[in-house]
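Participant: Below is the file entry.cif, with mmCIF, C-alpha atoms.
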```
data_work
loop_
_atom_site.label_atom_id
_atom_site.label_comp_id
_atom_site.auth_asym_id
_atom_site.auth_seq_id
_atom_site.Cartn_x
_atom_site.Cartn_y
_atom_site.Cartn_z
CA MET P 55 167.56 84.42 61.58
CA ALA P 56 170.55 86.65 60.77
CA ASN P 57 169.17 87.40 57.32
CA GLU P 58 165.75 88.27 58.73
CA MET P 59 167.31 90.62 61.29
CA GLU P 60 169.37 92.32 58.58
CA LYS P 61 166.26 92.77 56.44
CA LEU P 62 164.51 94.36 59.42
CA TYR P 63 167.51 96.64 59.98
CA GLN P 64 167.63 97.75 56.36
CA ALA P 65 163.89 98.48 56.33
CA ARG P 66 164.19 100.55 59.50
CA LEU P 67 167.26 102.38 58.21
CA ALA P 68 165.46 103.28 54.98
CA ARG P 69 162.41 104.46 56.94
CA TYR P 70 164.52 106.57 59.29
CA THR P 71 166.72 108.20 56.66
CA THR P 72 163.79 108.87 54.32
CA ALA P 73 161.95 110.76 57.04
CA MET P 74 165.07 112.71 58.01
CA ARG P 75 165.37 113.89 54.40
CA ASN P 76 161.86 115.32 54.86
CA GLU P 77 160.35 112.72 52.57
CA LYS P 78 157.60 110.11 53.03
CA PRO P 79 158.68 106.60 54.09
CA ASP P 80 156.40 103.57 54.38
CA MET P 81 155.43 104.61 57.91
CA VAL P 82 156.39 107.11 60.61
CA PRO P 83 159.72 106.01 62.12
CA ILE P 84 160.03 105.71 65.90
CA ARG P 85 163.25 106.94 67.53
CA PRO P 86 162.89 107.48 71.29
CA PHE P 87 165.91 108.89 73.09
CA VAL P 88 165.60 106.52 76.04
CA ALA P 89 168.08 107.01 78.87
CA GLU P 90 167.36 105.88 82.44
CA PHE P 91 164.11 104.35 81.18
CA THR P 92 166.25 101.52 79.80
CA ALA P 93 167.54 100.82 83.32
CA LYS P 94 164.02 100.70 84.67
CA TYR P 95 162.94 98.30 81.94
CA ALA P 96 166.00 96.05 82.27
CA GLY P 97 165.89 95.91 86.07
CA TYR P 98 168.92 98.06 86.84
CA THR P 99 169.29 101.09 89.09
CA CYS P 100 170.37 104.47 87.73
CA GLN P 101 173.66 103.92 89.52
CA GLU P 102 174.29 100.63 87.70
CA VAL P 103 173.78 101.95 84.17
CA THR P 104 175.67 105.16 84.91
CA HIS P 105 178.70 103.50 86.48
CA ASP P 106 178.83 100.33 84.36
CA TYR P 107 178.44 101.14 80.69
CA GLU P 108 178.23 97.45 79.77
CA LYS P 109 174.99 97.31 81.74
CA ALA P 110 173.85 100.48 80.00
CA PHE P 111 174.60 98.87 76.63
CA ASP P 112 172.73 95.74 77.71
CA ALA P 113 169.72 97.76 78.87
CA ALA P 114 169.55 99.66 75.57
CA CYS P 115 169.58 96.37 73.65
CA LYS P 116 166.88 94.84 75.86
CA CYS P 117 164.62 97.81 75.15
CA ALA P 118 165.40 97.77 71.44
CA ALA P 119 164.55 94.07 71.24
CA ALA P 120 161.33 94.44 73.23
CA PHE P 121 159.88 97.53 71.53
CA ASP P 122 159.20 98.07 67.83
CA TRP P 123 161.54 101.04 67.51
CA ASP P 124 163.40 101.94 64.35
CA ALA P 125 166.36 103.70 65.95
CA VAL P 126 167.81 104.33 69.40
CA VAL P 127 171.03 105.69 70.86
CA GLY P 128 173.46 102.97 71.89
CA ASN P 129 173.69 104.51 75.35
CA MET P 130 171.64 107.60 76.08
CA VAL P 131 172.93 107.53 79.68
CA TYR P 132 175.87 109.16 77.97
CA VAL P 133 177.98 110.12 80.99
CA TRP P 134 179.92 107.08 82.14
CA THR P 135 180.92 108.02 85.67
CA GLY P 136 183.78 105.54 85.62
CA LEU P 137 185.38 107.92 83.13
CA THR P 138 184.52 111.09 85.01
CA GLN P 139 185.93 109.63 88.24
CA ALA P 140 189.09 108.45 86.46
CA ILE P 141 189.69 112.03 85.36
CA GLY P 142 188.48 113.41 88.69
CA LEU P 143 185.88 115.80 87.25
CA LYS P 144 184.19 117.96 89.84
CA TYR P 145 181.09 118.96 87.92
CA TYR P 146 179.24 115.63 87.82
CA ALA P 147 177.28 114.20 90.74
CA VAL P 148 177.55 110.41 90.63
CA PRO P 149 174.51 108.23 91.45
CA GLY P 150 175.11 106.22 94.60
CA VAL P 151 178.06 108.40 95.59
CA ASP P 152 176.99 112.05 95.57
CA ILE P 153 173.25 111.48 95.08
CA SER P 154 170.71 108.67 95.42
CA PRO P 155 171.43 105.51 93.42
CA ASP P 156 167.96 105.90 91.90
CA THR P 157 168.70 109.39 90.52
CA GLY P 158 170.34 109.98 87.17
CA PHE P 159 173.72 111.73 87.09
CA GLN P 160 173.57 115.48 87.69
CA TYR P 161 175.60 118.43 86.43
CA ARG P 162 176.83 120.70 89.23
CA GLU P 163 177.31 124.23 88.00
CA PRO P 164 179.63 126.33 90.17
CA PRO P 165 178.51 129.71 91.52
CA PRO P 166 179.73 132.74 89.54
CA ASP P 167 182.57 133.52 91.97
CA ARG P 168 183.99 130.02 91.45
CA ALA P 169 183.36 129.65 87.73
CA PHE P 170 185.88 127.48 85.89
CA MET P 171 186.78 130.48 83.72
CA ARG P 172 187.11 133.95 85.24
CA ALA P 173 185.53 137.07 83.76
CA ASP P 174 188.95 138.56 82.96
CA GLU P 175 190.27 135.50 81.10
CA TYR P 176 188.53 135.93 77.75
CA ASP P 177 191.68 137.10 76.00
CA ALA P 178 193.54 133.92 76.98
CA LEU P 179 190.70 131.76 75.69
CA ILE P 180 190.43 133.73 72.45
CA GLU P 181 194.18 133.57 71.78
CA ASP P 182 194.49 129.80 72.29
CA PRO P 183 191.26 127.89 73.08
CA THR P 184 192.82 124.44 73.37
CA GLY P 185 195.77 125.75 75.36
CA PHE P 186 193.41 127.50 77.78
CA LEU P 187 191.35 124.35 78.26
CA LEU P 188 194.40 122.19 78.96
CA ASN P 189 196.45 124.60 81.04
CA VAL P 190 193.82 126.61 82.93
CA TRP P 191 190.40 124.96 82.75
CA LEU P 192 191.38 121.31 83.29
CA PRO P 193 193.24 121.86 86.60
CA ARG P 194 190.17 123.71 87.88
CA VAL P 195 187.63 121.03 86.97
CA SER P 196 189.75 118.03 88.03
CA THR P 197 190.48 117.03 91.58
CA ASP P 198 193.85 115.59 90.54
CA VAL P 199 195.34 117.71 87.74
CA VAL P 200 197.81 120.29 89.06
CA PRO P 201 198.12 123.80 87.57
CA ILE P 202 200.90 124.65 85.17
CA GLY P 203 204.07 125.43 87.14
CA ALA P 204 203.10 123.36 90.17
CA PRO P 205 205.08 120.21 90.99
CA ALA P 206 203.73 117.12 89.27
CA THR P 207 202.15 114.51 91.51
CA LEU P 208 201.41 110.81 91.18
CA ARG P 209 197.67 111.52 91.13
CA ASN P 210 198.15 114.13 88.40
CA ASN P 211 200.02 111.67 86.21
CA LEU P 212 197.59 108.84 86.88
CA SER P 213 194.58 111.01 86.05
CA PHE P 214 195.84 111.39 82.48
CA LEU P 215 196.71 107.70 82.21
CA LYS P 216 193.46 106.45 83.74
CA GLY P 217 191.38 109.03 81.94
CA GLY P 218 192.91 108.26 78.55
CA MET P 219 192.51 104.52 78.99
CA ALA P 220 188.93 104.90 80.20
CA MET P 221 187.99 107.22 77.35
CA LEU P 222 189.40 104.90 74.69
CA ASN P 223 187.72 101.91 76.32
CA TYR P 224 184.32 103.58 76.45
CA PHE P 225 184.33 105.26 73.06
CA PHE P 226 185.59 102.18 71.23
CA GLY P 227 182.82 100.22 72.94
CA PHE P 228 180.20 102.01 70.87
CA GLY P 229 181.31 100.27 67.67
CA GLY P 230 180.45 96.89 69.12
CA GLN P 231 177.26 98.25 70.66
CA ASN P 232 176.05 99.61 67.32
CA GLN P 233 176.75 96.25 65.71
CA ARG P 234 174.90 94.48 68.51
CA LEU P 235 171.85 96.69 68.01
CA ARG P 236 171.95 95.83 64.32
CA THR P 237 172.45 92.08 64.54
CA GLU P 238 170.48 91.26 67.70
CA CYS P 239 167.66 93.81 67.44
CA GLY P 240 167.53 95.03 63.85
CA THR P 241 167.70 98.56 65.27
CA VAL P 242 169.54 101.56 63.82
CA SER P 243 172.03 103.54 65.92
CA ALA P 244 170.27 106.90 65.78
CA ILE P 245 173.09 109.45 65.86
CA ALA P 246 176.84 109.89 65.38
CA GLY P 247 179.00 112.82 66.43
CA ILE P 248 178.26 115.65 68.81
CA LEU P 249 178.04 119.42 68.55
CA LYS P 250 177.37 122.28 70.91
CA ALA P 251 176.93 125.93 70.08
CA PRO P 252 179.93 128.10 71.03
CA MET P 253 177.85 130.20 73.42
CA ASP P 254 176.50 127.07 75.11
CA ILE P 255 180.08 125.95 75.72
CA LEU P 256 180.71 129.22 77.52
CA ALA P 257 177.54 128.88 79.58
CA ASP P 258 177.77 125.16 80.33
CA LYS P 259 181.44 124.52 80.98
CA LEU P 260 183.36 127.78 81.33
CA ARG P 261 181.57 130.81 82.74
CA GLY P 262 178.36 129.19 83.97
CA TYR P 263 174.99 130.57 83.01
CA LEU P 264 175.00 133.47 85.49
CA GLY P 265 178.57 134.40 84.60
CA LEU P 266 177.74 134.41 80.89
CA ILE P 267 174.69 136.61 81.42
CA ASN P 268 176.83 139.15 83.24
CA ASP P 269 179.37 139.04 80.43
CA LEU P 270 176.71 139.54 77.76
CA MET P 271 175.79 142.80 79.48
CA GLU P 272 179.26 143.97 80.48
CA GLN P 273 181.61 142.67 77.75
CA PRO P 274 179.56 141.35 74.80
CA GLU P 275 182.39 141.89 72.32
CA LYS P 276 184.60 139.51 74.30
CA VAL P 277 181.81 136.92 74.33
CA LEU P 278 181.43 137.24 70.56
CA ALA P 279 185.18 136.95 69.98
CA ALA P 280 185.36 133.87 72.23
CA CYS P 281 182.50 132.22 70.36
CA GLU P 282 184.24 132.95 67.06
CA ALA P 283 187.47 131.44 68.39
CA LEU P 284 185.66 128.26 69.41
CA MET P 285 183.86 127.79 66.07
CA PRO P 286 186.56 125.87 64.12
CA HIS P 287 187.31 123.59 67.06
CA LEU P 288 183.64 122.67 67.58
CA THR P 289 183.20 122.08 63.85
CA TRP P 290 186.19 119.72 63.83
CA VAL P 291 184.89 117.80 66.85
CA ALA P 292 181.48 117.38 65.21
CA LEU P 293 182.90 116.12 61.93
CA SER P 294 185.47 113.86 63.58
CA GLY P 295 182.71 111.71 65.06
CA ALA P 296 180.28 111.90 62.13
CA ASP P 297 178.84 108.88 60.35
CA PRO P 298 181.18 108.03 57.43
CA ALA P 299 178.17 106.76 55.45
CA LYS P 300 176.39 110.11 56.01
CA GLU P 301 173.17 108.34 56.95
CA VAL P 302 172.54 109.35 60.58
CA PRO P 303 172.91 112.91 61.88
CA ILE P 304 175.32 114.73 64.12
CA THR P 305 173.39 115.96 67.16
CA ILE P 306 173.56 119.44 68.64
CA TRP P 307 172.32 119.62 72.22
CA MET P 308 170.82 123.11 72.45
CA HIS P 309 170.67 124.46 75.97
CA ARG P 310 170.38 128.09 77.04
CA GLY P 311 170.87 130.22 73.94
CA CYS P 312 167.17 130.98 73.46
CA VAL P 313 164.72 133.56 74.74
CA PRO P 314 164.21 134.01 77.71
CA PHE P 315 167.59 132.65 78.85
CA VAL P 316 169.23 135.26 76.63
CA SER P 317 167.73 138.28 74.91
CA ARG P 318 166.66 138.26 71.27
CA GLU P 319 169.46 140.77 70.64
CA HIS P 320 172.12 138.43 72.01
CA PHE P 321 170.71 135.50 70.06
CA ASP P 322 170.74 137.52 66.84
CA ARG P 323 174.12 139.12 67.47
CA ILE P 324 176.14 136.31 69.05
CA TYR P 325 174.47 132.91 69.37
CA TRP P 326 173.15 132.47 65.84
CA PRO P 327 175.99 134.09 63.83
CA THR P 328 178.49 131.74 65.50
CA LEU P 329 176.34 128.62 65.11
CA LYS P 330 174.78 129.01 61.66
CA PRO P 331 178.13 128.86 59.78
CA ILE P 332 179.01 125.62 61.61
CA ILE P 333 175.77 124.00 60.48
CA GLU P 334 176.35 125.20 56.93
CA GLU P 335 179.91 123.83 56.95
CA ILE P 336 178.73 120.46 58.26
CA TRP P 337 175.99 120.34 55.60
CA SER P 338 178.52 121.17 52.90
CA LYS P 339 180.29 117.94 53.89
CA GLY P 340 177.04 115.99 53.44
CA HIS P 341 176.02 115.58 57.08
CA GLN P 342 172.67 116.52 58.60
CA VAL P 343 172.43 117.97 62.11
CA LEU P 344 169.73 116.98 64.58
CA PHE P 345 168.72 120.19 66.36
CA TYR P 346 167.77 118.81 69.79
CA ALA P 347 166.08 122.01 70.92
CA GLU P 348 165.77 121.53 74.68
CA GLY P 349 163.20 123.87 76.17
CA SER P 350 161.24 126.15 73.84
CA TRP P 351 162.91 127.73 70.82
CA ASP P 352 159.69 128.98 69.21
CA ALA P 353 161.01 132.54 69.20
CA HIS P 354 163.78 131.53 66.80
CA LEU P 355 162.03 129.38 64.20
CA GLY P 356 162.47 132.13 61.63
CA ALA P 357 166.24 132.03 62.10
CA PHE P 358 166.36 128.25 61.72
CA ALA P 359 164.38 128.55 58.48
CA GLU P 360 167.40 130.36 57.00
CA LEU P 361 169.36 127.10 56.92
CA PRO P 362 169.65 125.06 53.70
CA GLU P 363 166.76 122.73 52.96
CA LYS P 364 167.10 119.27 54.60
CA SER P 365 170.27 120.31 56.44
CA ILE P 366 168.70 119.74 59.88
CA ILE P 367 166.13 117.66 61.70
CA TYR P 368 164.33 119.88 64.20
CA HIS P 369 163.40 118.25 67.50
CA VAL P 370 160.57 119.85 69.48
CA ASP P 371 160.66 119.76 73.27
CA ARG P 372 158.67 122.47 75.08
CA GLY P 373 157.85 124.31 71.87
CA ASP P 374 154.61 124.00 69.92
CA ILE P 375 155.13 121.23 67.36
CA PHE P 376 152.27 122.48 65.20
CA ASN P 377 153.76 125.98 64.98
CA ALA P 378 157.15 124.42 64.26
CA HIS P 379 155.59 122.45 61.43
CA LYS P 380 154.07 125.59 59.94
CA ALA P 381 157.41 127.42 60.12
CA LEU P 382 159.82 124.63 59.22
CA GLY P 383 157.89 121.64 57.90
CA GLY P 384 158.36 122.65 54.28
CA LYS P 385 162.15 122.47 54.62
CA PHE P 386 163.03 120.11 57.46
CA CYS P 387 161.98 116.90 59.17
CA LEU P 388 160.57 117.31 62.69
CA SER P 389 160.71 114.95 65.65
CA GLY P 390 159.34 114.83 69.19
CA GLY P 391 156.24 116.53 70.51
CA ILE P 392 154.98 113.81 72.91
CA PRO P 393 155.32 115.41 76.39
CA ASN P 394 157.47 113.54 78.88
CA ALA P 395 155.09 114.44 81.69
CA MET P 396 152.33 112.63 79.78
CA LEU P 397 154.50 109.52 79.48
CA ALA P 398 155.09 109.65 83.24
CA TYR P 399 151.66 110.54 84.63
CA ASN P 400 148.88 110.13 82.07
CA SER P 401 147.03 107.02 80.96
CA PRO P 402 147.94 104.92 77.91
CA ASN P 403 144.73 106.06 76.19
CA GLU P 404 145.74 109.71 76.65
CA VAL P 405 149.17 108.93 75.20
CA ARG P 406 147.54 107.25 72.20
CA ALA P 407 145.31 110.27 71.63
CA CYS P 408 148.30 112.61 71.74
CA VAL P 409 150.25 110.46 69.27
CA LYS P 410 147.27 110.44 66.89
CA LYS P 411 146.91 114.23 67.11
CA VAL P 412 150.59 114.85 66.43
CA ILE P 413 150.75 112.44 63.49
CA GLU P 414 147.62 113.90 61.92
CA GLY P 415 148.88 117.44 62.45
CA VAL P 416 152.49 117.23 61.27
CA ALA P 417 153.18 113.90 59.57
CA ARG P 418 150.69 113.61 56.73
CA ASP P 419 153.33 114.32 54.06
CA GLY P 420 156.21 112.54 55.79
CA GLY P 421 159.13 114.33 57.37
CA TYR P 422 158.29 113.40 60.96
CA ILE P 423 159.92 111.04 63.51
CA MET P 424 158.00 109.87 66.57
CA ASP P 425 159.75 110.61 69.85
CA ALA P 426 159.14 112.01 73.30
CA SER P 427 159.73 115.71 73.77
CA ALA P 428 162.91 115.18 75.78
CA ILE P 429 165.25 112.39 76.84
CA VAL P 430 163.19 109.65 78.50
CA GLN P 431 164.21 108.97 82.07
CA ASP P 432 162.96 106.44 84.59
CA ASP P 433 159.76 108.32 85.43
CA ALA P 434 158.19 107.20 82.14
CA ARG P 435 155.76 104.30 82.56
CA VAL P 436 156.44 101.16 80.53
CA GLU P 437 152.78 100.90 79.51
CA ASN P 438 152.88 104.47 78.18
CA MET P 439 156.00 103.83 76.13
CA ARG P 440 154.23 100.80 74.66
CA ALA P 441 151.16 102.92 73.97
CA MET P 442 153.28 105.54 72.16
CA THR P 443 154.93 102.81 70.08
CA GLU P 444 151.74 100.97 69.19
CA ALA P 445 149.83 104.15 68.39
CA ALA P 446 152.64 105.35 66.13
CA ARG P 447 152.42 102.10 64.18
CA GLU P 448 148.62 102.23 64.03
CA TYR P 449 148.25 105.86 62.96
CA GLY P 450 151.60 106.32 61.20
CA GLN P 451 151.06 104.14 58.13
CA TYR P 452 151.33 105.86 54.73
#
```
Take the structure in this file and express it as structure tokens.
Facilitator:
Amino acid sequence: MANEMEKLYQARLARYTTAMRNEKPDMVPIRPFVAEFTAKYAGYTCQEVTHDYEKAFDAACKCAAAFDWDAVVGNMVYVWTGLTQAIGLKYYAVPGVDISPDTGFQYREPPPDRAFMRADEYDALIEDPTGFLLNVWLPRVSTDVVPIGAPATLRNNLSFLKGGMAMLNYFFGFGGQNQRLRTECGTVSAIAGILKAPMDILADKLRGYLGLINDLMEQPEKVLAACEALMPHLTWVALSGADPAKEVPITIWMHRGCVPFVSREHFDRIYWPTLKPIIEEIWSKGHQVLFYAEGSWDAHLGAFAELPEKSIIYHVDRGDIFNAHKALGGKFCLSGGIPNAMLAYNSPNEVRACVKKVIEGVARDGGYIMDASAIVQDDARVENMRAMTEAAREYGQY
């Protein structure tokens, strides 16, 4: 049994990596980024898999064993709220505590006047990014950490102790989870490492989206300098968690750096010049990057085509996968293109027809990975996920 499972794993790994290199495997690989859907399938609430990562691991394995998928993420419900509560983070809403137990965790962005970084603090961030995050940002985002110069408290000290222990416990758990996926399910762990664009860091965690938009209009040079200061740190973080075997990609979660969230000018002048060199540096070390392009990035396909051949896998969410294939298919593997709304509300036959259309349109020469357009939450119907899987196997043979 163990030998058969290992053979299955090796076949799936070869299929997955061949497609990611924009080549033709034996069949189209299937790699759904399933998050709260795993809870639904395994019989857990959103609260359970968000607050107990062992249940989240178990749910991911149950799905991997039940569906003919080549690769999954060990836990796509990636925020473990036991960790966020140990640190006392203010910007996550916890299922069953702040929101309904049947709702996935939520990010709470502060209004501009209470942003975690003020508009006049760019110079401090630029001079010492890690020092700013530790000394200024962390006390603002944590309920327990006291500002520099304030008297230390028991809760301040415990937040570092509890947070450090929780982080080590959770992150080290992924090694065993990846092995479990391999030995119990014959399934590949889809990604390793994490990256965000410098400007997305500013928008997501420091200034907030509205604060960043104001800064892009009022002090764009400061925004550019801050992005440049963050570049080496984000590159290091990405490479520190990368796959040593250089088989599976580092993932960049792309949020609000595209038109219409920012102007084409700001993309061309700030977003792309401070992201492109990071991708090139990562590729020079032999690692691909999965561009998880949340929303529609169709306006920027020409910029992405500047990257070295095979350096990225381009994931299509709200964009047009057929246009993406025309623009990028000659250089990069594509993934996604099956709308999440269809998986939630349409019939299995409609899902099958969509899968067939996508495979025929973009996968004839290889270089395509079957996936939903975005992370699959608990609104997806089980019968539709089965239909997507079965149709991919039926129509995706080479």
Participant: Of the candidates P:Lys61, P:Lys116, P:Lys216, P:Arg418, which one gets nearest to Leu137 in chain P if we count only C-alpha atoms?
Facilitator: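 Residue with the minimum atom-to-atom distance to Leu137 in chain P: P:Lys216.
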Participant: One decimal, in Å: what's the spacing between CA of Ser427 in chain P and CA of Thr92 in chain P?
Facilitator: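 Computing the Euclidean distance for CA of Ser427 in chain P and CA of Thr92 in chain P yields 16.7 Å.
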Participant: Between P:Val88, P:Ala357, P:Ala110, P:Met439, which one has atoms that come closest to Lys330 in chain P, using all atoms listed in the file?
Facilitator: P:Ala357
Participant: Env of Ile84 in chain P: 6 Å cut, atoms = all atoms listed in the file, seq-sep filter 3 positions within chain, self excluded. Answer as a count of residues only.
Facilitator: 4
Participant: Distance CA of Gly311 in chain P-CA of Ile255 in chain P, one decimal place?
Facilitator: 10.3 Å
Participant: Under the rule that all atoms listed in the file are counted, which of P:Glu348, P:Glu360, P:Asp297, P:Asp177 is the nearest residue to Lys276 in chain P?
Facilitator: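 Of all the options, P:Asp177 lies closest to Lys276 in chain P.
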Participant: Which residues are near Val416 in chain P? Cut-off 9 Å, all atoms listed in the file, ignore same chain within fewer than 2 positions. Put them as a short mmCIF file (atom, residue, chain, number, x, y, z; two decimals) with C-alpha atoms, in the coordinates of the input.
Facilitator:
```
data_model
loop_
_atom_site.label_atom_id
_atom_site.label_comp_id
_atom_site.auth_asym_id
_atom_site.auth_seq_id
_atom_site.Cartn_x
_atom_site.Cartn_y
_atom_site.Cartn_z
CA ILE P 375 155.13 121.23 67.36
CA PHE P 376 152.27 122.48 65.20
CA HIS P 379 155.59 122.45 61.43
CA LYS P 380 154.07 125.59 59.94
CA GLY P 383 157.89 121.64 57.90
CA LEU P 388 160.57 117.31 62.69
CA LYS P 411 146.91 114.23 67.11
CA VAL P 412 150.59 114.85 66.43
CA ILE P 413 150.75 112.44 63.49
CA GLU P 414 147.62 113.90 61.92
CA ARG P 418 150.69 113.61 56.73
CA ASP P 419 153.33 114.32 54.06
CA GLY P 420 156.21 112.54 55.79
CA GLY P 421 159.13 114.33 57.37
CA TYR P 422 158.29 113.40 60.96
#
```
Participant: Neighbours of Gly217 in chain P within 9 Å (only C-alpha atoms; same-chain residues fewer than 3 positions away dropped), as a PyMOL selection string?
Facilitator: chain P and resi 137-142+212-214+220-222
Participant: From the list P:Ala359, P:Ala251, P:Val405, P:Ala244, which residue is nearest Leu284 in chain P when using only C-alpha atoms?
Facilitator: P:Ala251
Participant: Between P:Asp425, P:Glu58, P:Glu275, P:Asp156, which residue has the minimum interatomic distance to Val103 in chain P, considering all atoms listed in the file?
Facilitator: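 Closest residue, counting all atoms listed in the file: P:Asp156.
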Participant: Could you list the residues chosen by the PyMOL selection byres ((chain P and resi 396) around 12) in this structure as a ChimeraX atom specification?
Facilitator: /P:391-395,397-409,426-428,430,433-435,437-439,441-442
Participant: Just give me the gap between CA of Thr135 in chain P and CA of Asp112 in chain P in Å, one decimal is fine.
Facilitator: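 We find that CA of Thr135 in chain P and CA of Asp112 in chain P lie 16.8 Å from each other.
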Participant: For each of P:His287, P:Arg66, P:His341, P:Lys364, take the minimum atom-to-atom distance to Pro183 in chain P, counting all atoms listed in the file, then give the residue where this is smallest.
Facilitator: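 Of P:His287, P:Arg66, P:His341, P:Lys364, the one nearest Pro183 in chain P is P:His287, counting all atoms listed in the file.
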Participant: The residues within 6 Å of (160.3, 124.8, 72.9), using all atoms listed in the file and the coordinates of the file, should be reported as a count of residues only; which are they?
Facilitator: 7
Participant: With a distance cut-off of 6 Å and all atoms listed in the file, select the neighbouring residues of Asn210 in chain P, excluding the residue or stretch itself and same-chain residues fewer than 3 positions from it, and output the selection as an MDAnalysis selection string.
Facilitator: chainID P and resid 198:199 207 213
Participant: Model the absent atoms of range 169-175 of chain P so that all heavy atoms are present, and write the result as a PDB file, in the coordinates of the input.
Facilitator:
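Output file out30.pdb is given in full below:
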```pdb
ATOM      1  N   ALA P 169     183.492 130.162  89.087  1.00  0.00           N
ATOM      2  CA  ALA P 169     183.360 129.650  87.730  1.00  0.00           C
ATOM      3  C   ALA P 169     184.700 129.104  87.246  1.00  0.00           C
ATOM      4  O   ALA P 169     185.774 129.592  87.649  1.00  0.00           O
ATOM      5  CB  ALA P 169     182.863 130.739  86.796  1.00  0.00           C
ATOM      6  N   PHE P 170     184.658 128.120  86.356  1.00  0.00           N
ATOM      7  CA  PHE P 170     185.880 127.480  85.890  1.00  0.00           C
ATOM      8  C   PHE P 170     186.682 128.368  84.935  1.00  0.00           C
ATOM      9  O   PHE P 170     187.833 128.069  84.631  1.00  0.00           O
ATOM     10  CB  PHE P 170     185.533 126.156  85.205  1.00  0.00           C
ATOM     11  CG  PHE P 170     184.843 125.177  86.119  1.00  0.00           C
ATOM     12  CD1 PHE P 170     183.667 124.562  85.735  1.00  0.00           C
ATOM     13  CD2 PHE P 170     185.360 124.892  87.374  1.00  0.00           C
ATOM     14  CE1 PHE P 170     183.028 123.655  86.572  1.00  0.00           C
ATOM     15  CE2 PHE P 170     184.726 124.002  88.229  1.00  0.00           C
ATOM     16  CZ  PHE P 170     183.544 123.375  87.820  1.00  0.00           C
ATOM     17  N   MET P 171     186.065 129.434  84.467  1.00  0.00           N
ATOM     18  CA  MET P 171     186.780 130.480  83.720  1.00  0.00           C
ATOM     19  C   MET P 171     186.393 131.812  84.335  1.00  0.00           C
ATOM     20  O   MET P 171     185.210 132.077  84.579  1.00  0.00           O
ATOM     21  CB  MET P 171     186.396 130.436  82.236  1.00  0.00           C
ATOM     22  CG  MET P 171     186.938 131.609  81.425  1.00  0.00           C
ATOM     23  SD  MET P 171     186.389 131.514  79.701  1.00  0.00           S
ATOM     24  CE  MET P 171     186.584 133.231  79.204  1.00  0.00           C
ATOM     25  N   ARG P 172     187.378 132.662  84.607  1.00  0.00           N
ATOM     26  CA  ARG P 172     187.110 133.950  85.240  1.00  0.00           C
ATOM     27  C   ARG P 172     186.678 134.989  84.192  1.00  0.00           C
ATOM     28  O   ARG P 172     186.966 134.862  83.001  1.00  0.00           O
ATOM     29  CB  ARG P 172     188.352 134.464  85.976  1.00  0.00           C
ATOM     30  CG  ARG P 172     189.058 133.435  86.826  1.00  0.00           C
ATOM     31  CD  ARG P 172     188.221 132.908  87.966  1.00  0.00           C
ATOM     32  NE  ARG P 172     189.014 132.066  88.854  1.00  0.00           N
ATOM     33  CZ  ARG P 172     188.671 130.850  89.255  1.00  0.00           C
ATOM     34  NH1 ARG P 172     187.540 130.309  88.830  1.00  0.00           N
ATOM     35  NH2 ARG P 172     189.449 130.156  90.073  1.00  0.00           N
ATOM     36  N   ALA P 173     186.042 136.032  84.667  1.00  0.00           N
ATOM     37  CA  ALA P 173     185.530 137.070  83.760  1.00  0.00           C
ATOM     38  C   ALA P 173     186.646 137.790  83.012  1.00  0.00           C
ATOM     39  O   ALA P 173     186.421 138.321  81.914  1.00  0.00           O
ATOM     40  CB  ALA P 173     184.685 138.075  84.544  1.00  0.00           C
ATOM     41  N   ASP P 174     187.846 137.836  83.590  1.00  0.00           N
ATOM     42  CA  ASP P 174     188.950 138.560  82.960  1.00  0.00           C
ATOM     43  C   ASP P 174     189.873 137.643  82.144  1.00  0.00           C
ATOM     44  O   ASP P 174     190.987 138.039  81.799  1.00  0.00           O
ATOM     45  CB  ASP P 174     189.765 139.313  84.016  1.00  0.00           C
ATOM     46  CG  ASP P 174     190.398 138.390  85.053  1.00  0.00           C
ATOM     47  OD1 ASP P 174     190.138 137.160  84.999  1.00  0.00           O
ATOM     48  OD2 ASP P 174     191.142 138.890  85.915  1.00  0.00           O
ATOM     49  N   GLU P 175     189.413 136.446  81.816  1.00  0.00           N
ATOM     50  CA  GLU P 175     190.270 135.500  81.100  1.00  0.00           C
ATOM     51  C   GLU P 175     189.848 135.267  79.649  1.00  0.00           C
ATOM     52  O   GLU P 175     190.342 134.339  79.002  1.00  0.00           O
ATOM     53  CB  GLU P 175     190.287 134.155  81.848  1.00  0.00           C
ATOM     54  CG  GLU P 175     191.001 134.258  83.195  1.00  0.00           C
ATOM     55  CD  GLU P 175     190.988 132.962  83.981  1.00  0.00           C
ATOM     56  OE1 GLU P 175     190.021 132.182  83.833  1.00  0.00           O
ATOM     57  OE2 GLU P 175     191.941 132.727  84.765  1.00  0.00           O
TER      58      GLU P 175
END
```
